[in-house]
file protein-v6.txt (compact mmCIF, C-alpha atoms)
# COMPACT_ATOMS: atom_id res chain seq x y z
CA MET X 1 -23.61 -32.73 8.11
CA PRO X 2 -25.66 -29.81 9.52
CA ALA X 3 -24.90 -26.34 8.14
CA ARG X 4 -23.40 -25.08 11.43
CA ALA X 5 -21.16 -28.15 11.65
CA ARG X 6 -19.91 -27.51 8.10
CA ILE X 7 -19.10 -23.91 9.01
CA LEU X 8 -17.21 -24.96 12.12
CA ALA X 9 -15.32 -27.70 10.30
CA ALA X 10 -14.26 -25.24 7.60
CA THR X 11 -13.11 -22.76 10.23
CA ALA X 12 -11.01 -25.39 11.92
CA ALA X 13 -9.44 -26.48 8.64
CA ALA X 14 -8.57 -22.90 7.72
CA GLY X 15 -7.05 -22.23 11.12
CA TRP X 16 -5.15 -25.52 11.50
CA LEU X 17 -1.52 -24.73 10.83
CA ALA X 18 1.36 -26.91 11.94
CA PHE X 19 4.18 -24.77 13.29
CA ALA X 20 6.95 -24.45 10.76
CA PRO X 21 10.64 -25.18 11.42
CA PRO X 22 12.79 -22.29 12.66
CA ALA X 23 13.10 -19.51 10.07
CA THR X 24 16.18 -19.30 7.88
CA ALA X 25 18.33 -16.23 7.26
CA GLU X 26 16.38 -15.63 4.05
CA ASN X 27 13.12 -15.94 5.95
CA ALA X 28 13.89 -13.93 9.09
CA SER X 29 12.12 -14.95 12.29
CA VAL X 30 9.53 -12.43 13.44
CA LEU X 31 9.54 -14.00 16.90
CA ALA X 32 13.31 -13.49 17.23
CA ALA X 33 12.93 -9.85 16.20
CA VAL X 34 10.08 -9.36 18.68
CA GLN X 35 12.08 -10.93 21.50
CA GLN X 36 15.15 -8.84 20.69
CA ARG X 37 13.08 -5.65 20.49
CA GLY X 38 11.09 -6.51 23.61
CA THR X 39 7.72 -5.44 22.20
CA VAL X 40 5.05 -6.65 19.80
CA ARG X 41 4.12 -4.04 17.19
CA CYS X 42 0.39 -4.18 16.46
CA GLY X 43 -1.47 -2.23 13.80
CA VAL X 44 -4.87 -0.91 14.89
CA THR X 45 -7.65 1.37 13.71
CA TYR X 46 -8.71 3.65 16.53
CA SER X 47 -12.41 3.36 17.30
CA PRO X 48 -14.40 3.32 20.57
CA GLY X 49 -14.49 -0.06 22.25
CA PHE X 50 -11.99 -1.63 19.89
CA ALA X 51 -8.90 0.58 20.09
CA ALA X 52 -8.75 3.94 21.85
CA ASN X 53 -7.06 5.73 24.74
CA ASP X 54 -8.75 5.91 28.13
CA ALA X 55 -8.87 9.00 30.32
CA SER X 56 -5.29 8.41 31.47
CA GLY X 57 -4.03 7.98 27.91
CA ARG X 58 -3.59 4.21 28.20
CA PRO X 59 -4.57 2.25 25.05
CA THR X 60 -7.58 0.06 25.61
CA GLY X 61 -10.23 -1.82 23.67
CA PHE X 62 -11.03 -5.27 22.31
CA MET X 63 -8.32 -5.32 19.64
CA VAL X 64 -5.76 -3.80 21.99
CA GLU X 65 -6.42 -6.60 24.49
CA LEU X 66 -5.82 -9.21 21.79
CA CYS X 67 -2.49 -7.51 21.07
CA ARG X 68 -1.69 -7.65 24.80
CA ALA X 69 -2.57 -11.35 24.92
CA LEU X 70 -0.12 -11.98 22.10
CA ALA X 71 2.59 -10.02 23.94
CA ALA X 72 1.94 -12.04 27.09
CA ALA X 73 2.27 -15.26 25.08
CA VAL X 74 5.52 -14.43 23.31
CA LEU X 75 7.21 -12.10 25.83
CA GLY X 76 5.54 -12.93 29.13
CA ASN X 77 4.47 -9.29 29.47
CA ALA X 78 1.07 -8.09 28.29
CA GLU X 79 2.18 -4.45 28.47
CA ALA X 80 5.06 -4.95 26.01
CA ILE X 81 3.21 -3.60 23.00
CA GLU X 82 3.60 -0.81 20.46
CA LEU X 83 0.51 0.36 18.60
CA ARG X 84 0.59 1.79 15.09
CA ARG X 85 -2.49 3.45 13.68
CA LEU X 86 -3.19 2.07 10.22
CA SER X 87 -5.74 3.02 7.58
CA LYS X 88 -6.91 0.31 5.19
CA PRO X 89 -4.65 1.48 2.32
CA GLN X 90 -1.64 1.35 4.69
CA GLU X 91 -2.34 -1.95 6.42
CA PHE X 92 -1.10 -4.58 3.98
CA ALA X 93 1.96 -2.58 2.94
CA ALA X 94 2.90 -2.19 6.62
CA LEU X 95 2.63 -5.95 7.12
CA GLU X 96 4.53 -6.84 3.96
CA GLY X 97 7.25 -4.32 4.81
CA GLY X 98 7.65 -5.51 8.40
CA GLU X 99 6.57 -2.20 9.93
CA VAL X 100 4.15 -4.09 12.19
CA ASP X 101 4.26 -7.69 13.39
CA VAL X 102 0.50 -8.19 13.27
CA SER X 103 -2.53 -6.09 12.46
CA PHE X 104 -5.66 -5.98 14.59
CA ALA X 105 -7.13 -3.17 12.47
CA GLN X 106 -10.60 -4.75 12.23
CA THR X 107 -10.04 -6.25 8.80
CA SER X 108 -12.47 -8.72 7.26
CA TRP X 109 -11.06 -11.90 5.77
CA THR X 110 -11.82 -11.88 2.04
CA PHE X 111 -10.62 -13.98 -0.87
CA PRO X 112 -9.10 -11.08 -2.89
CA ARG X 113 -7.18 -9.79 0.14
CA ASP X 114 -5.87 -13.26 0.88
CA ALA X 115 -4.92 -13.94 -2.74
CA LEU X 116 -3.49 -10.60 -3.85
CA HIS X 117 -1.27 -9.71 -0.88
CA ARG X 118 1.64 -11.41 0.89
CA ILE X 119 -0.38 -11.77 4.07
CA ASP X 120 -2.09 -14.43 6.14
CA PHE X 121 -5.28 -14.18 8.15
CA GLY X 122 -5.66 -15.63 11.60
CA PRO X 123 -8.96 -17.08 12.81
CA PRO X 124 -11.90 -14.67 12.86
CA VAL X 125 -11.98 -13.03 16.28
CA PHE X 126 -15.15 -11.00 15.72
CA HIS X 127 -18.14 -11.90 13.55
CA ASP X 128 -20.20 -8.96 12.38
CA GLU X 129 -22.52 -7.67 9.67
CA GLN X 130 -22.72 -4.35 7.89
CA GLY X 131 -24.88 -1.70 9.48
CA ILE X 132 -26.14 1.74 8.61
CA ALA X 133 -26.98 4.66 10.92
CA ALA X 134 -29.16 7.54 9.79
CA TRP X 135 -30.28 10.86 11.20
CA PRO X 136 -34.04 11.09 11.87
CA ARG X 137 -35.96 13.40 9.54
CA ASP X 138 -37.91 16.39 10.80
CA ASP X 139 -41.07 15.16 9.02
CA GLY X 140 -40.90 11.79 10.79
CA LYS X 141 -40.55 9.80 7.57
CA PRO X 142 -37.94 7.00 7.22
CA PRO X 143 -34.61 8.86 7.04
CA LEU X 144 -33.21 7.18 3.95
CA GLN X 145 -36.30 7.43 1.75
CA ALA X 146 -35.42 10.96 0.74
CA GLY X 147 -33.96 11.08 -2.74
CA GLY X 148 -30.25 11.73 -2.98
CA ALA X 149 -29.40 11.01 0.65
CA THR X 150 -25.65 11.12 1.28
CA VAL X 151 -24.07 8.10 2.99
CA CYS X 152 -20.59 8.38 4.51
CA VAL X 153 -18.37 5.30 4.47
CA PRO X 154 -14.68 4.58 5.17
CA ALA X 155 -12.91 4.12 1.83
CA ALA X 156 -11.20 0.94 0.62
CA THR X 157 -13.20 -1.28 2.98
CA THR X 158 -15.61 -4.15 2.42
CA SER X 159 -18.31 -1.78 3.69
CA HIS X 160 -17.51 0.63 0.85
CA ARG X 161 -17.69 -2.12 -1.78
CA VAL X 162 -20.88 -3.69 -0.41
CA LEU X 163 -22.59 -0.30 -0.19
CA GLU X 164 -21.71 0.52 -3.81
CA GLU X 165 -23.04 -2.85 -4.96
CA TYR X 166 -26.23 -2.45 -2.94
CA VAL X 167 -26.92 1.04 -4.32
CA ALA X 168 -26.31 -0.11 -7.90
CA ARG X 169 -28.50 -3.20 -7.52
CA SER X 170 -31.35 -1.63 -5.54
CA GLY X 171 -31.54 1.61 -7.47
CA GLN X 172 -31.37 3.64 -4.27
CA PRO X 173 -30.68 7.29 -5.12
CA TRP X 174 -28.03 7.53 -2.43
CA ARG X 175 -24.80 9.42 -2.94
CA ILE X 176 -21.84 7.59 -1.41
CA LEU X 177 -19.23 9.83 0.18
CA PRO X 178 -16.03 7.88 1.04
CA TYR X 179 -13.59 9.15 3.66
CA PRO X 180 -9.93 8.09 4.01
CA THR X 181 -10.38 6.53 7.47
CA TRP X 182 -13.15 5.34 9.77
CA PRO X 183 -12.64 8.22 12.27
CA ASP X 184 -12.95 10.67 9.38
CA ALA X 185 -16.24 9.11 8.27
CA LEU X 186 -17.57 9.07 11.83
CA GLN X 187 -16.74 12.72 12.44
CA ALA X 188 -18.37 13.69 9.13
CA PHE X 189 -21.56 11.92 10.19
CA ILE X 190 -21.59 13.47 13.67
CA GLY X 191 -21.04 16.86 12.01
CA LYS X 192 -24.06 16.16 9.76
CA GLU X 193 -22.05 16.28 6.58
CA CYS X 194 -24.05 13.22 5.53
CA ALA X 195 -27.47 11.78 6.32
CA ALA X 196 -26.19 8.29 7.05
CA LEU X 197 -23.07 6.32 7.93
CA SER X 198 -22.31 2.71 7.03
CA THR X 199 -19.69 0.27 8.32
CA ASP X 200 -19.55 -2.88 10.48
CA ARG X 201 -22.62 -2.80 12.72
CA ALA X 202 -20.82 -3.44 16.02
CA LEU X 203 -18.22 -0.79 15.22
CA LEU X 204 -20.98 1.65 14.33
CA THR X 205 -22.98 0.90 17.48
CA ALA X 206 -19.99 1.20 19.79
CA ALA X 207 -18.92 4.47 18.20
CA LEU X 208 -22.32 6.09 18.66
CA ARG X 209 -22.57 4.84 22.26
CA ALA X 210 -19.13 6.11 23.25
CA PRO X 211 -19.28 8.36 26.35
CA ASP X 212 -17.31 11.15 24.68
CA VAL X 213 -19.31 11.17 21.43
CA PRO X 214 -22.28 13.56 21.13
CA LYS X 215 -25.45 11.47 21.18
CA PRO X 216 -26.89 11.99 17.70
CA GLY X 217 -30.08 10.00 18.25
CA ALA X 218 -29.46 8.19 15.00
CA ASP X 219 -31.22 4.94 14.17
CA ILE X 220 -28.90 1.96 13.61
CA ALA X 221 -29.97 -1.04 11.54
CA ALA X 222 -28.46 -3.78 9.44
CA LEU X 223 -27.91 -2.91 5.81
CA PRO X 224 -30.95 -4.30 3.92
CA VAL X 225 -28.86 -7.04 2.32
CA PRO X 226 -27.27 -10.11 3.99
CA THR X 227 -23.61 -9.46 4.78
CA ARG X 228 -20.93 -11.10 6.87
CA GLU X 229 -17.76 -9.61 8.25
CA PRO X 230 -15.31 -12.23 9.61
CA ILE X 231 -12.81 -9.89 11.27
CA ALA X 232 -9.41 -11.48 11.83
CA PRO X 233 -5.84 -10.58 12.78
CA VAL X 234 -3.47 -10.32 9.82
CA THR X 235 0.23 -11.12 9.56
CA GLY X 236 2.82 -11.07 6.82
CA SER X 237 3.17 -14.47 5.13
CA ALA X 238 6.98 -14.74 5.04
CA ASP X 239 7.37 -16.39 8.45
CA ARG X 240 5.00 -19.34 8.77
CA ALA X 241 5.98 -20.01 12.37
CA TRP X 242 4.86 -16.50 13.38
CA VAL X 243 1.58 -16.98 11.51
CA GLY X 244 1.00 -20.08 13.62
CA ILE X 245 1.88 -18.34 16.88
CA VAL X 246 -0.66 -15.58 16.23
CA ARG X 247 -3.36 -18.05 15.22
CA TRP X 248 -2.89 -20.37 18.17
CA THR X 249 -2.80 -17.52 20.67
CA MET X 250 -6.25 -16.48 19.43
CA PHE X 251 -7.42 -20.09 19.58
CA ALA X 252 -6.11 -20.39 23.16
CA LEU X 253 -8.31 -17.48 24.27
CA MET X 254 -11.34 -19.08 22.60
CA LEU X 255 -10.68 -22.54 24.02
CA ALA X 256 -10.16 -21.11 27.49
CA GLU X 257 -13.67 -19.63 27.47
CA GLU X 258 -15.17 -22.84 26.09
CA LYS X 259 -13.53 -24.87 28.86
CA GLY X 260 -14.34 -22.40 31.64
CA VAL X 261 -10.74 -21.29 32.17
CA THR X 262 -10.50 -17.69 33.42
CA ALA X 263 -7.74 -15.37 34.53
CA ASP X 264 -8.68 -16.15 38.14
CA ASN X 265 -8.94 -19.95 38.04
CA ALA X 266 -6.23 -20.81 35.51
CA ALA X 267 -3.64 -21.43 38.23
CA ILE X 268 -5.86 -24.08 39.85
CA LEU X 269 -7.02 -25.67 36.60
CA ARG X 270 -3.42 -25.92 35.45
CA THR X 271 -3.11 -29.08 37.56
CA THR X 272 -6.72 -30.05 38.24
CA GLY X 273 -8.42 -29.45 34.88
CA GLY X 274 -9.07 -32.03 32.20
CA SER X 275 -6.28 -33.30 29.97
CA GLU X 276 -6.82 -30.71 27.23
CA VAL X 277 -7.00 -27.88 29.75
CA GLN X 278 -3.77 -29.03 31.38
CA ARG X 279 -2.02 -29.21 28.01
CA LEU X 280 -3.32 -25.73 27.20
CA LEU X 281 -2.08 -24.25 30.48
CA GLN X 282 1.08 -26.29 31.09
CA GLY X 283 2.17 -26.35 27.46
CA ILE X 284 3.50 -29.05 25.18
CA PRO X 285 7.32 -29.21 25.51
CA GLU X 286 8.03 -30.33 21.95
CA VAL X 287 5.84 -27.56 20.54
CA ALA X 288 7.51 -24.96 22.75
CA GLN X 289 10.94 -26.13 21.64
CA ARG X 290 10.00 -26.02 17.96
CA THR X 291 8.41 -22.57 18.10
CA GLY X 292 10.74 -20.80 20.52
CA LEU X 293 7.87 -20.11 22.93
CA ARG X 294 7.95 -20.86 26.63
CA PRO X 295 5.77 -23.85 27.59
CA ASP X 296 3.45 -21.58 29.59
CA TRP X 297 2.74 -19.21 26.69
CA ALA X 298 -1.04 -19.77 26.74
CA TYR X 299 -1.14 -19.65 30.55
CA GLN X 300 0.53 -16.22 30.46
CA ALA X 301 -1.93 -14.89 27.89
CA ILE X 302 -4.97 -16.11 29.83
CA THR X 303 -3.84 -15.09 33.32
CA GLN X 304 -2.62 -11.66 32.26
CA VAL X 305 -5.44 -10.71 29.88
CA GLY X 306 -8.29 -13.21 30.35
CA ASN X 307 -10.15 -15.58 28.08
CA TYR X 308 -12.05 -14.41 25.00
CA GLY X 309 -15.30 -13.83 26.89
CA GLU X 310 -13.62 -11.83 29.64
CA ILE X 311 -11.96 -9.62 27.03
CA PHE X 312 -15.22 -9.15 25.11
CA GLU X 313 -17.36 -8.27 28.12
CA ARG X 314 -15.05 -5.65 29.63
CA THR X 315 -14.20 -3.92 26.34
CA VAL X 316 -17.38 -3.96 24.23
CA GLY X 317 -19.88 -6.16 26.11
CA GLU X 318 -22.14 -5.77 29.11
CA ARG X 319 -19.37 -4.55 31.44
CA SER X 320 -18.48 -1.75 29.02
CA PRO X 321 -20.29 1.46 28.01
CA TYR X 322 -21.20 -0.13 24.65
CA HIS X 323 -23.27 -3.16 25.73
CA LEU X 324 -22.79 -5.10 22.51
CA PRO X 325 -24.51 -8.50 22.51
CA ARG X 326 -22.34 -11.58 22.12
CA GLY X 327 -24.39 -12.87 19.18
CA LEU X 328 -22.24 -15.10 16.99
CA ASN X 329 -19.21 -14.16 19.09
CA ARG X 330 -19.84 -17.00 21.50
CA PRO X 331 -18.23 -20.45 21.65
CA TRP X 332 -19.61 -22.94 19.17
CA SER X 333 -20.86 -24.99 22.14
CA SER X 334 -23.10 -22.05 23.09
CA GLY X 335 -24.48 -21.45 19.60
CA GLY X 336 -21.78 -19.09 18.34
CA LEU X 337 -19.04 -19.37 15.73
CA LEU X 338 -15.92 -19.29 17.93
CA TYR X 339 -14.17 -22.61 17.48
CA ALA X 340 -10.70 -23.70 18.54
CA PRO X 341 -9.00 -26.78 17.08
CA VAL X 342 -7.83 -29.49 19.47
CA PHE X 343 -4.91 -28.83 21.84
CA GLN X 344 -4.48 -32.54 22.62
call {"tool": "encode", "arguments": {"input": "protein-v6.txt", "output": "structure tokens"}}
result
Amino acid sequence: MPARARILAATAAAGWLAFAPPATAENASVLAAVQQRGTVRCGVTYSPGFAANDASGRPTGFMVELCRALAAAVLGNAEAIELRRLSKPQEFAALEGGEVDVSFAQTSWTFPRDALHRIDFGPPVFHDEQGIAAWPRDDGKPPLQAGGATVCVPAATTSHRVLEEYVARSGQPWRILPYPTWPDALQAFIGKECAALSTDRALLTAALRAPDVPKPGADIAALPVPTREPIAPVTGSADRAWVGIVRWTMFALMLAEEKGVTADNAAILRTTGGSEVQRLLQGIPEVAQRTGLRPDWAYQAITQVGNYGEIFERTVGERSPYHLPRGLNRPWSSGGLLYAPVFQ
């Protein structure tokens, strides 16, 4: 089996989760609580392109739109969301304690996180690598060749760990300066408290291209060591049915793009599309009954928010100020890593 096929098969196996029976009193239903409350509570990390407020104060960004898609699926209303800002040290405790229903705080799926916390990861919704931005030097030499260069990094992140390992292994005389949150690290870099800044490359690029951020003229490159950042939504693990709902909502957005289903044509394709498209948009009655969702849950998410590609392009892609390339964040059929299991 080719390497890409093995990757895609593994992704499908990890994401394939049969919906569990209705939750018991000891295992309270998150969906019931969400429906009673009337909103989905999503954890986010504020950063340009991914989660921020626009000029009118309305939350916007790639991760915010995924939260809205989930609200459309479970409540029929994409605007029925509450956002909670979470730092990495707060995120898992907030999920385990039920303070948020799901976290879209740009968290990479790692084995220790999965094993050591009462959480579950959804499918990766953004594939990235670690990057590093550095101020140009006055003498024109490569900016990070100077001995003792200070590198800012958000603390308690995979970026922090990878950077420490790289410095130790390479012998680079860099001094790592961790900050409690990503916005703190970004502001320290813009204020020239450090010579460089390291985090996920797309996050770094979007932040330095944001219209309201002073243009520092910094060079952005991949960290000189292979890295991968499979960024995924995270839920508490107590309610398996809710875990499945979050996962399959993300898969629905991916499958919609793969099959050419958009917010504009979904109504037509609901009755004229292929069998899998019709099952996606019309719903599967027995699944809806088991999960407590309406049969048109995926249709609501797609028509109100758009498919994965529509969300990407208007928030961080070519239709946004950030112009991030799709790269691996394309459907598997177009050479990317986005892969949805079968809806048949």
call {"tool": "closest_residue", "arguments": {"input": "protein-v6.txt", "among": "X:Thr205, X:Ala218, X:Ser108, X:Leu66", "to": "X:Trp135", "atoms": "only C-alpha atoms"}}
result
X:Ala218
call {"tool": "residues_around", "arguments": {"input": "protein-v6.txt", "residues": "X:Cys194", "least_positions_apart": "5", "cutoff": "6 Å", "atoms": "all atoms listed in the file", "output": "PDB file with C-alpha atoms, keeping the file's coordinate frame"}}
result
ATOM      1  CA  THR X 150     -25.650  11.120   1.280  1.00  0.00           C
ATOM      2  CA  VAL X 151     -24.070   8.100   2.990  1.00  0.00           C
ATOM      3  CA  PHE X 189     -21.560  11.920  10.190  1.00  0.00           C
TER       4      PHE X 189
END
call {"tool": "closest_residue", "arguments": {"input": "protein-v6.txt", "among": "X:Leu95, X:Ile231, X:Val316, X:Leu337", "to": "X:Ala51", "atoms": "only C-alpha atoms"}}
result
X:Val316
call {"tool": "closest_residue", "arguments": {"input": "protein-v6.txt", "among": "X:Gly38, X:Pro321, X:Pro224, X:Gly191", "to": "X:Gly131", "atoms": "only C-alpha atoms"}}
result
X:Pro224
call {"tool": "residues_around", "arguments": {"input": "protein-v6.txt", "residues": "X:Ser159", "least_positions_apart": "4", "cutoff": "8 Å", "atoms": "all atoms listed in the file", "output": "number ranges by chain"}}
result
X: 130, 153-154, 163, 198-200
call {"tool": "closest_residue", "arguments": {"input": "protein-v6.txt", "among": "X:Ala69, X:Ala156, X:Val44, X:Val74", "to": "X:Ala263", "atoms": "all atoms listed in the file"}}
result
X:Ala69
call {"tool": "closest_residue", "arguments": {"input": "protein-v6.txt", "among": "X:Ile190, X:Asn307, X:Gly61, X:Leu197", "to": "X:Pro178", "atoms": "all atoms listed in the file"}}
result
X:Leu197
call {"tool": "closest_residue", "arguments": {"input": "protein-v6.txt", "among": "X:Val305, X:Leu280, X:Val246, X:Ala52", "to": "X:Pro124", "atoms": "only C-alpha atoms"}}
result
X:Val246
call {"tool": "atom_distance", "arguments": {"input": "protein-v6.txt", "atom1": "atom CA of X:Ala206", "atom2": "atom CA of X:Pro173"}}
result
27.8 Å
call {"tool": "atom_distance", "arguments": {"input": "protein-v6.txt", "atom1": "atom CA of X:Ser320", "atom2": "atom CA of X:Ile302"}}
result
19.7 Å
call {"tool": "atom_distance", "arguments": {"input": "protein-v6.txt", "atom1": "atom CA of X:Val234", "atom2": "atom CA of X:Phe121"}}
result
4.6 Å
call {"tool": "residues_around", "arguments": {"input": "protein-v6.txt", "residues": "X:Thr39", "least_positions_apart": "3", "cutoff": "7 Å", "atoms": "all atoms listed in the file", "output": "list of chain:residue names"}}
result
X:Val34, X:Ala80, X:Ile81, X:Glu82
call {"tool": "residues_around", "arguments": {"input": "protein-v6.txt", "residues": "X:His127", "least_positions_apart": "6", "cutoff": "7 Å", "atoms": "all atoms listed in the file", "output": "list in words"}}
result
Glu229, Pro230, Ile231, Leu328 and Asn329 of chain X
